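Visitor: Structure file my_file_14.cif (mmCIF, C-alpha atoms) is given on the next line.
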```
data_protein
loop_
_atom_site.label_atom_id
_atom_site.label_comp_id
_atom_site.auth_asym_id
_atom_site.auth_seq_id
_atom_site.Cartn_x
_atom_site.Cartn_y
_atom_site.Cartn_z
CA MET A 1 0.00 0.00 0.00
CA LYS A 2 1.36 3.41 -0.98
CA ARG A 3 1.86 5.72 2.00
CA ASP A 4 1.24 9.43 1.73
CA SER A 5 4.30 11.65 1.91
CA PRO A 6 4.69 13.82 5.04
CA ALA A 7 3.58 16.86 3.02
CA GLU A 8 0.44 15.04 1.86
CA GLN A 9 -0.29 14.24 5.50
CA GLY A 10 -0.08 17.91 6.38
CA GLU A 11 3.51 17.54 7.56
CA PHE A 12 6.83 18.48 6.01
CA ASP A 13 10.35 17.11 6.30
CA LEU A 14 12.20 19.91 8.07
CA GLY A 15 15.79 18.72 8.30
CA GLY A 16 14.58 15.18 8.99
CA VAL A 17 11.93 16.28 11.48
CA ARG A 18 8.19 16.10 10.74
CA TRP A 19 6.86 19.64 10.96
CA PRO A 20 3.50 21.30 10.15
CA ARG A 21 5.06 23.79 7.71
CA PRO A 22 8.24 23.66 5.60
CA PHE A 23 10.14 26.22 7.70
CA ARG A 24 10.62 27.31 11.25
CA ILE A 25 11.46 30.84 12.33
CA ARG A 26 14.42 30.87 14.74
CA ARG A 27 14.63 34.52 15.74
CA LEU A 28 14.02 38.14 14.84
CA GLY A 29 16.71 39.01 12.32
CA HIS A 30 16.33 42.72 11.73
CA PHE A 31 13.75 45.47 11.91
CA GLY A 32 13.25 48.68 10.00
CA LEU A 33 11.54 52.05 10.19
CA ASN A 34 10.74 54.69 7.59
CA VAL A 35 11.58 58.07 9.09
CA ALA A 36 11.17 61.68 8.01
CA ASP A 37 14.88 62.57 8.06
CA PRO A 38 17.44 59.75 8.36
CA GLU A 39 20.27 62.20 9.09
CA ARG A 40 18.40 63.56 12.10
CA SER A 41 17.46 60.03 13.17
CA LYS A 42 21.05 58.82 12.82
CA ASP A 43 22.13 60.96 15.75
CA PHE A 44 19.55 59.29 17.99
CA TYR A 45 20.05 55.73 16.74
CA CYS A 46 23.83 55.80 16.51
CA ARG A 47 25.26 58.42 18.86
CA LEU A 48 22.72 57.80 21.62
CA LEU A 49 21.54 54.18 21.25
CA GLY A 50 24.81 52.83 19.87
CA PHE A 51 23.89 51.30 16.51
CA ARG A 52 26.74 51.38 13.99
CA ILE A 53 26.26 52.16 10.32
CA SER A 54 27.15 49.27 8.01
CA ASP A 55 26.11 50.80 4.69
CA PRO A 56 24.11 53.73 3.29
CA LEU A 57 21.49 53.23 0.58
CA ASP A 58 20.55 55.99 -1.88
CA PHE A 59 17.01 55.62 -3.21
CA THR A 60 17.50 58.21 -5.98
CA PRO A 61 18.07 55.63 -8.78
CA ARG A 62 14.79 53.92 -7.82
CA LEU A 63 12.68 57.08 -7.99
CA PRO A 64 10.59 57.94 -11.05
CA GLU A 65 12.02 60.93 -12.92
CA ASP A 66 9.10 63.14 -11.91
CA LYS A 67 9.70 62.43 -8.22
CA ARG A 68 13.41 63.19 -8.06
CA GLY A 69 14.22 66.23 -6.00
CA LYS A 70 10.64 66.41 -4.66
CA VAL A 71 10.44 63.76 -1.96
CA GLY A 72 12.92 65.01 0.61
CA PRO A 73 15.91 62.99 1.81
CA THR A 74 16.84 59.99 -0.32
CA ILE A 75 19.61 58.29 1.69
CA GLY A 76 18.83 55.65 4.32
CA TYR A 77 21.03 53.42 6.45
CA PHE A 78 21.69 49.81 7.39
CA ALA A 79 22.85 49.62 11.02
CA ARG A 80 23.93 46.89 13.43
CA HIS A 81 24.44 46.24 17.12
CA GLY A 82 26.43 43.01 16.72
CA THR A 83 28.10 41.16 13.85
CA ASP A 84 25.07 40.76 11.55
CA HIS A 85 25.45 43.21 8.67
CA HIS A 86 22.28 44.89 9.87
CA SER A 87 19.87 44.43 12.73
CA PHE A 88 18.13 47.77 12.24
CA VAL A 89 17.47 49.88 9.15
CA PHE A 90 16.05 53.36 8.81
CA PHE A 91 15.04 54.66 5.40
CA PRO A 92 13.65 58.01 4.18
CA ARG A 93 9.89 57.73 4.27
CA GLY A 94 9.17 60.21 1.48
CA ALA A 95 11.46 58.48 -1.00
CA TYR A 96 10.36 55.02 0.11
CA ALA A 97 6.66 55.86 -0.24
CA ALA A 98 7.31 57.21 -3.74
CA VAL A 99 8.19 53.70 -4.92
CA ASN A 100 6.00 51.73 -2.45
CA ALA A 101 2.56 53.33 -2.12
CA TRP A 102 1.65 51.28 0.95
CA ALA A 103 4.48 53.00 2.85
CA ALA A 104 2.42 56.21 2.98
CA LYS A 105 -0.05 54.53 5.36
CA PRO A 106 0.49 54.45 9.16
CA GLN A 107 1.44 50.77 8.84
CA GLY A 108 4.06 51.85 6.32
CA THR A 109 6.16 53.55 8.97
CA VAL A 110 7.30 50.00 9.78
CA ASN A 111 9.70 49.28 6.95
CA GLN A 112 10.05 45.58 7.67
CA ILE A 113 9.89 42.90 10.37
CA THR A 114 12.43 40.26 9.46
CA TRP A 115 12.58 36.66 10.68
CA GLN A 116 15.46 34.23 10.25
CA VAL A 117 14.90 30.60 9.30
CA GLY A 118 17.37 27.72 9.49
CA SER A 119 18.41 27.09 5.89
CA LEU A 120 18.20 28.28 2.31
CA GLN A 121 16.04 25.22 1.61
CA GLU A 122 13.50 26.57 4.09
CA ILE A 123 13.31 29.87 2.18
CA SER A 124 12.68 28.06 -1.08
CA ASP A 125 10.09 25.73 0.41
CA ALA A 126 8.40 28.50 2.40
CA PHE A 127 8.10 30.64 -0.73
CA ASP A 128 6.38 27.75 -2.55
CA TRP A 129 4.14 27.09 0.48
CA PHE A 130 2.97 30.70 0.68
CA THR A 131 2.47 30.86 -3.09
CA LYS A 132 0.43 27.64 -3.32
CA ARG A 133 -1.81 28.84 -0.51
CA GLY A 134 -2.53 32.09 -2.36
CA LYS A 135 -0.75 34.31 0.17
CA PRO A 136 0.54 37.67 -1.14
CA ILE A 137 4.29 38.15 -1.53
CA ARG A 138 5.68 41.61 -2.24
CA ARG A 139 9.01 40.46 -3.61
CA ALA A 140 11.63 37.73 -3.35
CA GLY A 141 15.26 37.04 -4.20
CA ARG A 142 18.52 38.21 -2.71
CA ASP A 143 19.43 41.67 -1.49
CA LEU A 144 22.67 43.58 -1.27
CA PRO A 145 24.04 44.89 0.97
CA GLY A 146 23.68 42.10 3.52
CA SER A 147 23.58 39.18 1.04
CA ASN A 148 20.45 37.66 2.55
CA TRP A 149 18.12 35.35 0.55
CA HIS A 150 14.52 36.20 1.30
CA PHE A 151 10.91 36.86 0.42
CA TYR A 152 8.43 39.40 1.76
CA PRO A 153 4.89 38.38 2.84
CA PRO A 154 2.79 41.25 4.25
CA ASP A 155 0.50 40.69 7.21
CA PRO A 156 -3.25 41.35 6.78
CA GLU A 157 -2.87 45.02 7.78
CA GLY A 158 0.05 45.75 5.49
CA HIS A 159 3.16 45.46 7.67
CA THR A 160 5.93 43.92 5.60
CA ASN A 161 7.39 40.76 7.07
CA GLU A 162 10.53 39.20 5.63
CA LEU A 163 11.67 35.59 5.93
CA TYR A 164 15.39 35.21 5.22
CA TYR A 165 18.34 32.90 5.55
CA GLY A 166 21.93 34.00 5.99
CA ILE A 167 23.38 37.47 6.35
CA GLU A 168 26.82 38.96 5.91
CA GLN A 169 28.90 39.09 9.09
CA VAL A 170 30.97 42.16 9.94
CA GLY A 171 34.12 42.13 12.07
CA TRP A 172 35.66 45.14 13.76
CA ASP A 173 37.29 46.10 10.47
CA GLY A 174 37.08 42.90 8.46
CA TYR A 175 40.55 41.73 9.55
CA SER A 176 42.13 40.30 12.68
CA LYS A 177 43.87 42.84 14.93
CA PRO A 178 47.39 43.84 13.80
CA ARG A 179 50.26 42.82 16.08
CA GLU A 180 51.07 46.48 16.66
CA MET A 181 48.01 46.53 18.91
CA TYR A 182 49.49 43.95 21.27
CA GLY A 183 51.44 46.59 23.19
CA VAL A 184 50.02 45.71 26.61
CA ARG A 185 50.11 42.13 27.85
CA TYR A 186 47.62 41.27 30.60
CA ALA A 187 48.45 38.50 33.06
CA LYS A 188 45.30 39.08 35.12
CA PRO A 189 41.93 40.82 34.70
CA PRO A 190 42.27 44.62 34.38
CA GLN A 191 41.15 47.20 36.89
CA LEU A 192 37.59 48.31 36.17
CA PRO A 193 36.30 50.33 34.48
CA HIS A 194 38.48 49.54 31.49
CA LYS A 195 38.24 51.19 28.10
CA SER A 196 36.04 49.32 25.63
CA GLU A 197 37.42 47.28 22.77
CA LEU A 198 36.01 49.84 20.38
CA ALA A 199 37.93 52.58 22.18
CA GLU A 200 41.12 50.54 21.89
CA VAL A 201 40.58 50.17 18.16
CA LEU A 202 39.87 53.87 17.72
CA ASP A 203 42.96 54.79 19.74
CA ALA A 204 45.14 52.36 17.79
CA THR A 205 43.96 53.35 14.34
CA ALA A 206 43.70 57.09 15.14
CA GLN A 207 40.56 57.19 13.00
CA GLY A 208 37.48 58.49 14.80
CA ILE A 209 33.89 57.88 13.69
CA PRO A 210 31.77 60.89 14.72
CA ILE A 211 28.83 58.80 15.92
CA GLU A 212 31.10 57.04 18.44
CA LYS A 213 32.43 60.14 20.19
CA VAL A 214 29.91 59.97 23.02
CA ALA A 215 30.68 57.01 25.26
CA ARG A 216 27.57 55.10 26.31
CA PRO A 217 27.32 53.21 29.60
CA PHE A 218 25.29 50.42 28.00
CA LYS A 219 25.28 47.99 25.09
CA ILE A 220 22.39 46.59 23.02
CA VAL A 221 22.75 42.82 23.29
CA ARG A 222 19.49 41.75 21.69
CA HIS A 223 16.71 43.39 19.72
CA GLY A 224 12.97 42.81 19.81
CA PRO A 225 10.23 42.22 20.67
CA VAL A 226 8.15 44.03 18.07
CA ARG A 227 4.84 45.40 19.37
CA LEU A 228 2.06 46.39 16.97
CA PHE A 229 -1.28 48.11 17.35
CA VAL A 230 -3.82 46.24 15.22
CA GLU A 231 -7.34 46.81 13.95
CA ASN A 232 -8.35 43.18 13.41
CA MET A 233 -6.88 41.04 16.19
CA GLU A 234 -8.18 37.73 14.84
CA ALA A 235 -6.82 38.24 11.31
CA MET A 236 -3.44 39.41 12.57
CA LEU A 237 -3.21 36.60 15.10
CA ALA A 238 -4.03 34.06 12.39
CA PHE A 239 -1.17 35.36 10.22
CA TYR A 240 1.52 35.34 12.88
CA ARG A 241 0.35 32.10 14.50
CA ASP A 242 -0.83 30.03 11.53
CA ASP A 243 1.16 31.40 8.59
CA LEU A 244 4.47 32.31 10.25
CA GLY A 245 4.19 29.61 12.90
CA PHE A 246 4.58 31.57 16.12
CA THR A 247 3.26 30.11 19.37
CA VAL A 248 0.88 32.06 21.56
CA THR A 249 2.61 32.27 24.94
CA GLU A 250 0.06 34.29 26.83
CA GLU A 251 -2.90 36.63 26.57
CA VAL A 252 -3.75 39.39 29.02
CA GLU A 253 -6.67 41.75 29.36
CA TYR A 254 -5.76 45.32 30.17
CA GLN A 255 -8.65 47.67 30.94
CA GLY A 256 -10.90 45.69 28.63
CA HIS A 257 -8.28 45.37 25.86
CA ARG A 258 -7.13 41.92 24.68
CA CYS A 259 -3.34 41.74 24.25
CA VAL A 260 -1.62 38.70 22.72
CA PHE A 261 2.05 37.66 23.09
CA LEU A 262 3.72 35.26 20.66
CA ARG A 263 7.12 33.59 20.55
CA ALA A 264 9.38 31.97 17.97
CA ASN A 265 12.05 30.54 20.27
CA THR A 266 12.45 30.29 24.04
CA GLU A 267 11.88 33.96 24.80
CA HIS A 268 8.46 34.75 26.29
CA HIS A 269 7.57 36.76 23.22
CA CYS A 270 9.15 38.26 20.12
CA MET A 271 5.88 39.73 18.84
CA ALA A 272 2.97 41.32 20.70
CA LEU A 273 -0.37 42.51 19.33
CA TYR A 274 -2.47 45.23 20.98
CA PRO A 275 -5.82 46.77 19.97
CA LEU A 276 -5.45 50.04 18.09
CA ALA A 277 -7.86 51.67 20.54
CA LEU A 278 -5.19 51.38 23.23
CA ARG A 279 -2.78 53.67 21.39
CA ASP A 280 -4.39 56.96 22.40
CA GLU A 281 -4.92 55.76 25.98
CA LEU A 282 -1.17 55.21 26.31
CA GLY A 283 -0.28 58.57 24.79
CA LEU A 284 1.79 57.08 21.97
CA SER A 285 2.24 58.49 18.47
CA ALA A 286 -0.91 58.47 16.35
CA HIS A 287 1.03 58.41 13.06
CA THR A 288 2.23 54.81 13.36
CA THR A 289 0.90 51.36 14.22
CA LEU A 290 4.20 50.50 15.91
CA MET A 291 3.75 50.45 19.67
CA SER A 292 7.46 49.87 20.28
CA PHE A 293 10.63 48.09 19.24
CA GLY A 294 12.61 46.40 22.00
CA LEU A 295 16.30 46.81 22.84
CA GLN A 296 17.75 44.55 25.53
CA MET A 297 20.61 45.91 27.61
CA GLY A 298 23.49 43.79 28.92
CA SER A 299 22.44 44.00 32.58
CA TYR A 300 20.04 45.67 34.98
CA ARG A 301 22.75 48.18 35.86
CA GLN A 302 23.16 49.01 32.18
CA LEU A 303 19.41 49.53 31.90
CA ARG A 304 19.45 52.03 34.74
CA ASP A 305 22.52 53.75 33.32
CA ALA A 306 20.94 53.86 29.84
CA VAL A 307 17.90 55.72 31.15
CA THR A 308 20.11 58.20 33.04
CA PHE A 309 22.34 58.71 30.01
CA LEU A 310 19.49 59.24 27.56
CA LYS A 311 17.73 61.68 29.86
CA GLY A 312 20.99 63.58 30.20
CA GLN A 313 21.20 63.82 26.41
CA GLY A 314 17.71 65.30 26.25
CA ALA A 315 15.85 62.21 25.06
CA GLU A 316 12.23 61.77 26.08
CA ILE A 317 11.67 58.77 28.37
CA LYS A 318 8.22 57.29 29.01
CA TYR A 319 7.07 54.61 31.45
CA LEU A 320 4.08 52.42 30.60
CA PRO A 321 2.05 49.99 32.75
CA SER A 322 3.98 46.78 33.47
CA GLU A 323 0.82 44.71 32.93
CA LEU A 324 1.30 45.27 29.19
CA PHE A 325 4.65 43.45 29.16
CA PRO A 326 4.40 40.00 30.78
CA GLY A 327 7.79 38.28 30.71
CA ILE A 328 9.67 41.59 31.12
CA ASP A 329 10.12 43.30 34.45
CA TYR A 330 11.70 46.79 34.57
CA CYS A 331 11.58 48.76 31.34
CA ALA A 332 11.44 52.28 29.96
CA PHE A 333 10.69 53.73 26.53
CA ALA A 334 12.98 56.13 24.69
CA ILE A 335 11.14 58.25 22.12
CA ASP A 336 12.98 59.08 18.89
CA PRO A 337 12.64 62.29 16.82
CA ASP A 338 9.74 60.80 14.80
CA GLY A 339 7.84 59.72 17.89
CA PHE A 340 8.70 56.00 17.63
CA ALA A 341 9.08 54.23 20.98
CA PHE A 342 12.08 52.03 21.79
CA GLN A 343 11.57 49.72 24.76
CA LEU A 344 14.70 49.42 26.93
CA TYR A 345 14.86 46.36 29.18
CA TYR A 346 17.33 43.79 30.49
CA TYR A 347 15.29 40.64 31.33
CA MET A 348 13.10 38.35 29.23
CA GLU A 349 11.37 35.33 30.71
CA GLN A 350 12.38 32.06 29.04
CA ILE A 351 9.98 29.22 28.18
CA GLY A 352 11.00 25.63 29.02
CA TRP A 353 10.30 22.27 27.38
CA ASP A 354 6.66 22.22 28.50
CA GLY A 355 5.91 25.45 26.64
CA LYS A 356 4.33 27.15 29.63
CA PRO A 357 5.14 30.66 30.88
CA ARG A 358 5.71 31.43 34.54
CA PRO A 359 2.35 31.77 36.32
CA ALA A 360 1.41 35.40 36.86
CA SER A 361 1.17 34.71 40.60
CA GLN A 362 4.90 33.91 40.64
CA ARG A 363 5.99 37.09 38.88
CA PRO A 364 7.06 40.05 41.01
CA LYS A 365 4.92 43.16 41.07
CA ILE A 366 6.72 45.81 39.07
CA ASP A 367 6.37 49.55 39.56
CA ASN A 368 8.11 51.10 36.57
CA ALA A 369 8.09 54.46 38.31
CA ARG A 370 10.21 53.08 41.16
CA TRP A 371 13.25 51.02 40.34
CA PRO A 372 15.31 49.39 43.11
CA GLU A 373 19.09 49.69 43.23
CA SER A 374 19.35 45.99 42.40
CA ALA A 375 16.83 43.51 40.99
CA PRO A 376 16.10 40.06 42.44
CA ALA A 377 17.52 37.07 40.61
CA ARG A 378 15.26 34.60 38.85
CA SER A 379 16.03 31.16 37.45
CA ASP A 380 16.23 32.56 33.91
CA THR A 381 17.99 35.86 34.62
CA TYR A 382 20.60 36.56 31.88
CA LEU A 383 19.50 33.50 29.90
CA GLY A 384 18.24 33.36 26.33
CA GLU A 385 20.17 34.11 23.15
CA PRO A 386 23.71 35.15 24.19
CA PHE A 387 25.44 38.21 22.82
CA LEU A 388 28.71 37.20 21.15
CA GLY A 389 30.95 40.16 21.86
CA PRO A 390 32.08 42.60 24.56
CA LEU A 391 29.46 44.54 26.47
CA GLY A 392 31.38 47.80 26.16
#
```
Could you render the structure from this file as structure tokens?
Guide:
Amino acid sequence: MKRDSPAEQGEFDLGGVRWPRPFRIRRLGHFGLNVADPERSKDFYCRLLGFRISDPLDFTPRLPEDKRGKVGPTIGYFARHGTDHHSFVFFPRGAYAAVNAWAAKPQGTVNQITWQVGSLQEISDAFDWFTKRGKPIRRAGRDLPGSNWHFYPPDPEGHTNELYYGIEQVGWDGYSKPREMYGVRYAKPPQLPHKSELAEVLDATAQGIPIEKVARPFKIVRHGPVRLFVENMEAMLAFYRDDLGFTVTEEVEYQGHRCVFLRANTEHHCMALYPLALRDELGLSAHTTLMSFGLQMGSYRQLRDAVTFLKGQGAEIKYLPSELFPGIDYCAFAIDPDGFAFQLYYYMEQIGWDGKPRPASQRPKIDNARWPESAPARSDTYLGEPFLGPLG
């Protein structure tokens, strides 16, 4: 008797494992925003938050002739916090909307939400799977800079998601350190604080990058989660749960609003969906459906220092109710020049083999207006995806 293939049974061979779809998202890869003036935004993202520019991108060649010189800034940037070529991009909204009409909508302020899968085979099979099921795809192929293979399926409300495999890795200058930098030999750990590795490189090469001239007392070690305000919760939940394959970790009700938290890996959530009606109640920008984009600091002390540093540089800091962020304890929101909110935090609850989050009764009560000098340890403090690099 002929047996149905795994795919015919509603299962796929994913690296030798039977799986309900032909891909599995491993993590948030990168995230992007369309901003009014990338040069103005660069000061906030790079000098203050610490992203480093990997490459610029000039949209002028993509513009129709009748739009050139009429859409404002045309140069955007790929930026990174680690070794991936880019983990964050910010493009000129006027130029971007001139070639992508959907970008003129509030949802279009989110340039892309990008998810990494485990192999190039998964990209190929996922593209076929989306296509055969009649799901829209904005484009597919391979992009430079970054060298990532990908395709772009939008969610039901127009936010562009990207599934990709592989991305160019960037070293401190693309080479190993020259021997001339080995002037000091350490036989024991140095006295702290010690200058950062970046500062050593800048001193040694005598080449300064303007965006690095302000020393920051913190380091971004992980990005995400992405939080969206949505009009149709059921349709959006179906896309992220059923099409992309995320798992619903938890739902909470906040003042009558249903909020849903989804995960791709062991973190409590990498994506969160909130009703659009909540946006005004929280006092967040009305020109975007992005509630916030998360930036994890290297430690609780770094989180506290980041808030102090950003306030000292004149950045607006907001605090929102902790009930909206299960799985995260202390956090604050830095507001950029366009009104986008960046969630600063240090701790993310991790989910174990049974797939269950920590019961709410076992989570500490958090008052984001009153932070203690030190935070209590939990079994999963400092766990999750490690940052491969120095924290300074």
Visitor: Of the residues A:Arg370, A:His150, A:Arg21, A:Arg263, which is the one nearest to Tyr319 of chain A, using all atoms listed in the file?
Guide: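 Checking each of A:Arg370, A:His150, A:Arg21, A:Arg263 against Tyr319 of chain A, counting all atoms listed in the file, the winner is A:Arg370.
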Visitor: Would you mind telling me which residue in A:Arg304, A:His269, A:Arg93, A:Lys67 lies nearest to Val35 of chain A when using only C-alpha atoms?
Guide: A:Arg93
Visitor: What does the distance between atom CA of Tyr382 of chain A and atom CA of Met297 of chain A come to in Å, to one decimal place?
Guide: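 Rounded to one decimal, the two atoms are 10.3 Å apart.
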Visitor: If we count all atoms listed in the file and set the cut-off at 8 Å, which residues sit around Glu122 of chain A, ignoring sequence neighbours fewer than 4 positions away in its own chain? Please answer as a list in words.
Guide: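 The neighbour list is Leu14, Pro22, Phe23, Arg24, Val117, Gly118 and Ala126 of chain A.
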Visitor: Show me, as an MDAnalysis selection string, the residues that have an atom within 12 Å of Gly94 of chain A when counting all atoms listed in the file, minus same-chain residues fewer than 4 positions from it.
Guide: chainID A and resid 34:38 59:60 63 67:76 98:105 108:109
Visitor: Using only C-alpha atoms for the distances, tell me which of A:Glu267, A:Leu262, A:Asp66, A:Ala277 is nearest to Asn232 of chain A.
Guide: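 Result for the nearest residue to Asn232 of chain A: A:Ala277.
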Visitor: Go ahead and compute the interatomic distance for atom CA of Gly29 of chain A and atom CA of Phe387 of chain A, in Å to one decimal.
Guide: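 It comes out at 13.7 Å.
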Visitor: Name the closest residue to Lys311 of chain A among the candidates A:Val230, A:Leu282, A:Val252, A:Ala332; distances are taken between atoms, counting all atoms listed in the file.
Guide: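 Among the listed residues, the smallest separation from Lys311 of chain A belongs to A:Ala332.
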Visitor: Got a sec to resolve the PyMOL selection byres ((chain A and resi 236-238) around 10) on this structure and send the residues as a VMD selection string?
Guide: chain A and resid 155 to 157 228 230 to 235 239 to 246 248 260 to 262 272 to 273
Visitor: My list of candidates is A:Lys365, A:Arg222, A:Arg40, A:His30. Which is closest to Pro321 of chain A when distances are computed with only C-alpha atoms?
Guide: A:Lys365
Visitor: List the residues matched by the PyMOL selection byres ((chain A and resi 337) around 12) in the displayed structure as number ranges by chain, ordered by chain and then by residue number.
Guide: A: 35-45, 285, 314-316, 334-336, 338-342
Visitor: Taking into account only C-alpha atoms, which residue in the set A:Gln121, A:Thr131, A:Asn265, A:Ser292 is nearest to Gly32 of chain A?
Guide: A:Ser292
Visitor: Rounded to one decimal place, report the atom CA of Pro154 of chain A-atom CA of Arg138 of chain A distance in Å.
Guide: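 Straight-line distance from atom CA of Pro154 of chain A to atom CA of Arg138 of chain A works out to 7.1 Å.
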Visitor: Show which residues sit within 7 Å of Gly224 of chain A, as JSON, numbers by chain. Count all atoms listed in the file, and ignore same-chain residues fewer than 2 positions away.
Guide: {"A": [28, 222, 226, 270, 293, 294, 295]}
Visitor: Determine the residue set returned by the PyMOL selection byres ((chain A and resi 350) around 7) for the present structure, and present it as a list in words.
Guide: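 The output of the PyMOL selection byres ((chain A and resi 350) around 7) on this file is Thr266, Glu267, His268, Met348, Glu349, Ile351, Gly352, Asp380 and Gly384 of chain A.
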Visitor: Skipping near chain neighbours, those fewer than 2 positions away, what residues fall within 8 Å of Val110 of chain A using only C-alpha atoms, listed as a PyMOL selection string?
Guide: chain A and resi 32-34+107-108+112-113+159-160+288-290
